[in-house]
Structure formats: structure tokens, C-alpha cells
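Below: final.pdb (PDB, C-alpha atoms, pLDDT in the B column)
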```pdb
ATOM      1  CA  MET A   1       0.000   0.000   0.000  1.00 55.00           C
ATOM      2  CA  PRO A   2       1.474   3.347  -0.955  1.00 58.00           C
ATOM      3  CA  SER A   3       2.288   5.586   1.927  1.00 64.00           C
ATOM      4  CA  ARG A   4       1.379   9.234   1.931  1.00 66.00           C
ATOM      5  CA  ASN A   5       4.036  11.822   2.051  1.00 68.00           C
ATOM      6  CA  PRO A   6       3.753  13.195   5.559  1.00 65.00           C
ATOM      7  CA  GLY A   7       3.982  16.902   4.933  1.00 71.00           C
ATOM      8  CA  VAL A   8       3.031  19.934   6.887  1.00 78.00           C
ATOM      9  CA  ILE A   9      -0.711  20.525   6.939  1.00 78.00           C
ATOM     10  CA  VAL A  10      -1.515  24.186   6.519  1.00 80.00           C
ATOM     11  CA  GLN A  11      -4.918  25.716   7.015  1.00 82.00           C
ATOM     12  CA  ASP A  12      -6.027  28.790   5.126  1.00 80.00           C
ATOM     13  CA  TRP A  13      -8.013  31.061   7.442  1.00 85.00           C
ATOM     14  CA  GLU A  14      -8.681  33.806   4.898  1.00 87.00           C
ATOM     15  CA  PRO A  15     -12.418  34.636   4.623  1.00 87.00           C
ATOM     16  CA  VAL A  16     -14.239  33.509   1.490  1.00 85.00           C
ATOM     17  CA  VAL A  17     -17.007  35.811   0.229  1.00 84.00           C
ATOM     18  CA  LEU A  18     -19.789  34.239  -1.806  1.00 84.00           C
ATOM     19  CA  GLN A  19     -21.827  36.554  -3.993  1.00 80.00           C
ATOM     20  CA  LYS A  20     -25.020  35.883  -5.885  1.00 74.00           C
ATOM     21  CA  LYS A  21     -25.141  36.694  -9.557  1.00 70.00           C
ATOM     22  CA  PRO A  22     -27.556  39.490 -10.388  1.00 62.00           C
ATOM     23  CA  LYS A  23     -30.886  38.333 -11.760  1.00 64.00           C
ATOM     24  CA  SER A  24     -31.207  38.436 -15.520  1.00 64.00           C
ATOM     25  CA  SER A  25     -33.966  41.056 -15.283  1.00 61.00           C
ATOM     26  CA  ALA A  26     -31.635  43.285 -13.255  1.00 60.00           C
ATOM     27  CA  VAL A  27     -28.950  42.920 -15.914  1.00 64.00           C
ATOM     28  CA  ARG A  28     -31.338  44.053 -18.635  1.00 70.00           C
ATOM     29  CA  ASP A  29     -32.935  46.791 -16.589  1.00 79.00           C
ATOM     30  CA  PRO A  30     -32.022  50.181 -18.116  1.00 81.00           C
ATOM     31  CA  LYS A  31     -31.656  51.761 -14.680  1.00 86.00           C
ATOM     32  CA  ALA A  32     -29.147  49.125 -13.601  1.00 82.00           C
ATOM     33  CA  VAL A  33     -27.216  49.511 -16.859  1.00 82.00           C
ATOM     34  CA  ASN A  34     -27.077  53.306 -16.503  1.00 86.00           C
ATOM     35  CA  GLN A  35     -25.959  52.978 -12.887  1.00 86.00           C
ATOM     36  CA  ALA A  36     -23.204  50.567 -13.921  1.00 84.00           C
ATOM     37  CA  ILE A  37     -22.057  52.960 -16.655  1.00 86.00           C
ATOM     38  CA  ARG A  38     -21.935  55.880 -14.193  1.00 89.00           C
ATOM     39  CA  SER A  39     -20.004  53.856 -11.627  1.00 89.00           C
ATOM     40  CA  GLY A  40     -17.478  52.783 -14.254  1.00 84.00           C
ATOM     41  CA  ALA A  41     -18.326  49.088 -14.105  1.00 82.00           C
ATOM     42  CA  PRO A  42     -17.845  47.129 -17.339  1.00 81.00           C
ATOM     43  CA  VAL A  43     -21.024  46.846 -19.403  1.00 79.00           C
ATOM     44  CA  GLN A  44     -21.375  44.414 -22.275  1.00 77.00           C
ATOM     45  CA  THR A  45     -23.537  45.443 -25.219  1.00 73.00           C
ATOM     46  CA  ILE A  46     -24.588  43.112 -28.004  1.00 73.00           C
ATOM     47  CA  LYS A  47     -26.276  44.242 -31.217  1.00 71.00           C
ATOM     48  CA  LYS A  48     -28.941  41.751 -32.218  1.00 67.00           C
ATOM     49  CA  PHE A  49     -30.132  41.443 -35.788  1.00 65.00           C
ATOM     50  CA  ASP A  50     -33.836  42.348 -36.088  1.00 63.00           C
ATOM     51  CA  ALA A  51     -34.051  42.704 -32.329  1.00 59.00           C
ATOM     52  CA  GLY A  52     -37.415  43.750 -31.037  1.00 60.00           C
ATOM     53  CA  SER A  53     -39.284  42.987 -34.212  1.00 61.00           C
ATOM     54  CA  ASN A  54     -41.550  40.049 -34.498  1.00 60.00           C
ATOM     55  CA  LYS A  55     -41.824  40.347 -38.266  1.00 60.00           C
ATOM     56  CA  LYS A  56     -40.524  37.890 -40.771  1.00 59.00           C
ATOM     57  CA  THR A  57     -40.193  39.621 -44.098  1.00 61.00           C
ATOM     58  CA  ALA A  58     -40.845  37.587 -47.194  1.00 60.00           C
ATOM     59  CA  PRO A  59     -38.409  37.822 -50.086  1.00 63.00           C
ATOM     60  CA  VAL A  60     -39.431  40.456 -52.611  1.00 64.00           C
ATOM     61  CA  VAL A  61     -40.703  38.925 -55.836  1.00 67.00           C
ATOM     62  CA  SER A  62     -41.694  41.122 -58.723  1.00 72.00           C
ATOM     63  CA  VAL A  63     -45.186  40.834 -60.127  1.00 70.00           C
ATOM     64  CA  LYS A  64     -43.753  40.358 -63.596  1.00 72.00           C
ATOM     65  CA  LYS A  65     -41.869  37.233 -62.518  1.00 73.00           C
ATOM     66  CA  LEU A  66     -44.996  35.863 -60.893  1.00 69.00           C
ATOM     67  CA  GLU A  67     -47.030  36.402 -64.053  1.00 70.00           C
ATOM     68  CA  GLU A  68     -44.355  34.825 -66.257  1.00 71.00           C
ATOM     69  CA  ALA A  69     -44.030  31.768 -64.060  1.00 70.00           C
ATOM     70  CA  ALA A  70     -45.856  28.773 -65.415  1.00 68.00           C
ATOM     71  CA  GLU A  71     -48.588  27.217 -63.340  1.00 66.00           C
ATOM     72  CA  PRO A  72     -47.425  24.110 -61.525  1.00 66.00           C
ATOM     73  CA  ALA A  73     -48.295  21.018 -63.502  1.00 63.00           C
ATOM     74  CA  ALA A  74     -50.852  18.665 -62.021  1.00 71.00           C
ATOM     75  CA  LEU A  75     -49.388  15.570 -60.418  1.00 75.00           C
ATOM     76  CA  ASP A  76     -49.818  12.303 -62.248  1.00 83.00           C
ATOM     77  CA  ARG A  77     -52.520  10.080 -60.845  1.00 87.00           C
ATOM     78  CA  VAL A  78     -52.832   6.311 -60.925  1.00 88.00           C
ATOM     79  CA  SER A  79     -53.712   5.220 -64.452  1.00 89.00           C
ATOM     80  CA  THR A  80     -56.961   3.443 -65.255  1.00 91.00           C
ATOM     81  CA  GLU A  81     -55.143   0.205 -66.137  1.00 92.00           C
ATOM     82  CA  VAL A  82     -53.350   0.117 -62.794  1.00 91.00           C
ATOM     83  CA  ARG A  83     -56.418   0.858 -60.699  1.00 91.00           C
ATOM     84  CA  LEU A  84     -58.466  -1.766 -62.532  1.00 93.00           C
ATOM     85  CA  ALA A  85     -55.630  -4.294 -62.177  1.00 93.00           C
ATOM     86  CA  ILE A  86     -55.517  -3.649 -58.410  1.00 93.00           C
ATOM     87  CA  GLN A  87     -59.286  -4.120 -58.079  1.00 93.00           C
ATOM     88  CA  LYS A  88     -59.331  -7.259 -60.223  1.00 94.00           C
ATOM     89  CA  ALA A  89     -56.390  -8.887 -58.410  1.00 94.00           C
ATOM     90  CA  ARG A  90     -57.829  -8.010 -54.994  1.00 93.00           C
ATOM     91  CA  LEU A  91     -61.224  -9.472 -55.883  1.00 94.00           C
ATOM     92  CA  GLU A  92     -59.593 -12.637 -57.296  1.00 94.00           C
ATOM     93  CA  LYS A  93     -57.871 -13.092 -53.914  1.00 93.00           C
ATOM     94  CA  LYS A  94     -61.256 -12.430 -52.222  1.00 94.00           C
ATOM     95  CA  MET A  95     -59.790  -9.607 -50.133  1.00 93.00           C
ATOM     96  CA  SER A  96     -61.436  -6.400 -48.998  1.00 94.00           C
ATOM     97  CA  GLN A  97     -59.699  -3.039 -49.242  1.00 94.00           C
ATOM     98  CA  VAL A  98     -59.188  -3.087 -45.466  1.00 95.00           C
ATOM     99  CA  GLU A  99     -57.561  -6.548 -45.581  1.00 94.00           C
ATOM    100  CA  LEU A 100     -55.250  -5.476 -48.405  1.00 94.00           C
ATOM    101  CA  ALA A 101     -54.331  -2.347 -46.481  1.00 94.00           C
ATOM    102  CA  LYS A 102     -53.443  -4.411 -43.399  1.00 94.00           C
ATOM    103  CA  ARG A 103     -51.318  -6.814 -45.439  1.00 94.00           C
ATOM    104  CA  ILE A 104     -49.288  -3.969 -46.994  1.00 93.00           C
ATOM    105  CA  ASN A 105     -49.122  -1.932 -43.743  1.00 94.00           C
ATOM    106  CA  GLU A 106     -50.953   1.071 -45.146  1.00 92.00           C
ATOM    107  CA  ARG A 107     -54.188   2.817 -44.235  1.00 93.00           C
ATOM    108  CA  PRO A 108     -57.398   1.624 -45.943  1.00 93.00           C
ATOM    109  CA  GLN A 109     -57.767   5.117 -47.364  1.00 94.00           C
ATOM    110  CA  VAL A 110     -54.551   4.588 -49.373  1.00 92.00           C
ATOM    111  CA  VAL A 111     -55.935   1.459 -51.045  1.00 93.00           C
ATOM    112  CA  GLN A 112     -59.219   3.247 -51.714  1.00 94.00           C
ATOM    113  CA  GLU A 113     -57.409   6.180 -53.346  1.00 93.00           C
ATOM    114  CA  TYR A 114     -55.397   3.818 -55.567  1.00 92.00           C
ATOM    115  CA  GLU A 115     -58.522   1.981 -56.683  1.00 93.00           C
ATOM    116  CA  ASN A 116     -60.415   5.241 -57.326  1.00 93.00           C
ATOM    117  CA  GLY A 117     -57.500   6.673 -59.309  1.00 90.00           C
ATOM    118  CA  LYS A 118     -57.022   9.653 -56.972  1.00 90.00           C
ATOM    119  CA  ALA A 119     -53.649   8.662 -55.515  1.00 89.00           C
ATOM    120  CA  VAL A 120     -50.281   9.867 -56.751  1.00 89.00           C
ATOM    121  CA  PRO A 121     -48.396   6.646 -57.589  1.00 89.00           C
ATOM    122  CA  ASN A 122     -45.781   5.668 -55.021  1.00 90.00           C
ATOM    123  CA  GLN A 123     -43.422   2.937 -56.201  1.00 91.00           C
ATOM    124  CA  ALA A 124     -43.001   1.535 -52.681  1.00 92.00           C
ATOM    125  CA  VAL A 125     -46.758   1.136 -52.178  1.00 93.00           C
ATOM    126  CA  LEU A 126     -47.164  -0.407 -55.632  1.00 93.00           C
ATOM    127  CA  ALA A 127     -44.339  -2.866 -54.877  1.00 93.00           C
ATOM    128  CA  LYS A 128     -46.091  -3.941 -51.661  1.00 93.00           C
ATOM    129  CA  MET A 129     -49.351  -4.420 -53.553  1.00 93.00           C
ATOM    130  CA  GLU A 130     -47.560  -6.454 -56.242  1.00 93.00           C
ATOM    131  CA  ARG A 131     -46.075  -8.728 -53.591  1.00 94.00           C
ATOM    132  CA  VAL A 132     -49.389  -9.313 -51.791  1.00 94.00           C
ATOM    133  CA  LEU A 133     -51.599  -9.557 -54.887  1.00 93.00           C
ATOM    134  CA  GLU A 134     -48.998 -11.522 -56.883  1.00 92.00           C
ATOM    135  CA  LYS A 135     -49.741  -9.378 -59.927  1.00 91.00           C
ATOM    136  CA  LYS A 136     -47.569  -6.932 -61.869  1.00 91.00           C
ATOM    137  CA  LEU A 137     -48.741  -3.335 -61.362  1.00 88.00           C
ATOM    138  CA  ARG A 138     -45.714  -1.319 -62.469  1.00 84.00           C
ATOM    139  CA  GLY A 139     -44.306  -1.027 -65.955  1.00 78.00           C
ATOM    140  CA  LYS A 140     -46.461  -2.371 -68.776  1.00 67.00           C
ATOM    141  CA  VAL A 141     -49.463  -3.630 -66.835  1.00 61.00           C
ATOM    142  CA  GLY A 142     -51.651  -4.967 -69.631  1.00 53.00           C
ATOM    143  CA  LYS A 143     -48.887  -7.012 -71.277  1.00 48.00           C
TER
END
```

Write out the structure in this file as C-alpha cells.
Amino acid sequence: MPSRNPGVIVQDWEPVVLQKKPKSSAVRDPKAVNQAIRSGAPVQTIKKFDAGSNKKTAPVVSVKKLEEAAEPAALDRVSTEVRLAIQKARLEKKMSQVELAKRINERPQVVQEYENGKAVPNQAVLAKMERVLEKKLRGKVGK
């Protein structure tokens, strides 16, 4: 076992003064800041960008650019061949839309949108349907 070096033990009897930090509201208080400036105490000032304004300004876009911009094209929807193929394959398997949705881990509303032709085609969802229905839905469906 290592032995300690027996040295002289010295006690420090100097008083220790503990001070509380000023509250954050006191630091920001204009009276406290002015008093600190008058007394010569150091005061830190920070310039904040857009300080005190709650506004978020939108980028300026000219009306001419807006008029020249083409309207956004409508998103492609599920084609008639695909939606009919989904319905036919599901009915051949004697499954309801809810059962198909559970098997592919999607909401029943998703299957309904695909069969009604309202959904935007998602390759991942179509791949799940192909696997469950054992029918090709992507690419050339009719052939």
C-alpha cells in the first residue's frame, strides 16, 4: 500500500465571500445599466439582428416574374389500367380493401385512393401491392 508523504498541513483562514449573480432582469434593466455605466463598471452590449421585431419579411418577388411563371403542372394520378388491375387482383384473392391495407401496412384510405385513381403513384406502395396480390402493377401492366 502506498504511503502518503507526511507533509506539513496548513490551514487557510482567509475569509471567502460568496456573492449571488444578479438576476437576468436586473442585468437588462435600463436603470441598472445606466448605474453601472456611471459607476465605471464594465457593461457588455450586443447588437442583435432584427431585435425587437416580431416580423418575418418575405423575399421580394416582382409581379412580372410571378405572371411569367408557369402554373405548376398537375401531379400524375394512378392510371386506369393500374387501378383496374388492383381491383381485379384483390377481388380474385377475395380480399377487402381493409384486408389489403393491413397486409401492406398502409391505411385503408390509401388502397381506396389507388382503386379510385385519386392517388399519386408511389413505387413503394405499388411494390407492396404487387407482392401481396402476386400481380404486376408497375411497368407495362396490360402485357

Item to check | Pick from A:Arg90, A:Arg28, A:Lys65, A:Lys135 nearest to Gln112 of chain A, counting only C-alpha atoms | outcome: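 Result for the nearest residue to Gln112 of chain A: A:Arg90.
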
Checklist entry - Between atom CA of Ala85 of chain A and atom CA of Glu130 of chain A, what is the spacing in Å? => result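 Distance between the two atoms: 10.2 Å.
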
Next on the checklist: as a PyMOL selection string, please: the residues near Tyr114 of chain A (cut-off 12 Å, only C-alpha atoms, same-chain neighbours under 3 positions excluded).
Outcome noted: chain A and resi 77-87+97+100-101+106-111+117-122+125-126+129+137

Item to check | Å distance separating atom CA of Glu92 of chain A from atom CA of Asn105 of chain A, one decimal place | outcome: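 Taking atom CA of Glu92 of chain A and atom CA of Asn105 of chain A, their separation equals 20.2 Å.
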
Checklist entry - Could you state the separation of atom CA of Asn34 of chain A and atom CA of Ile46 of chain A in Å, given to one decimal place? => result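 Computed distance, atom CA of Asn34 of chain A to atom CA of Ile46 of chain A, equals 15.6 Å.
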
Checklist outcome for this item: Across A:Ala124, A:Asn116, A:Asp12, A:Val132, the smallest distance to Arg103 of chain A, with all atoms listed in the file counted, is shown by A:Val132

Next on the checklist: Taking only C-alpha atoms into account, name the residue in A:Val33, A:Gly40, A:Glu113, A:Ala127 that is nearest to Gly139 of chain A.
Outcome noted: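 With only C-alpha atoms as the atom set, the closest residue is A:Ala127.
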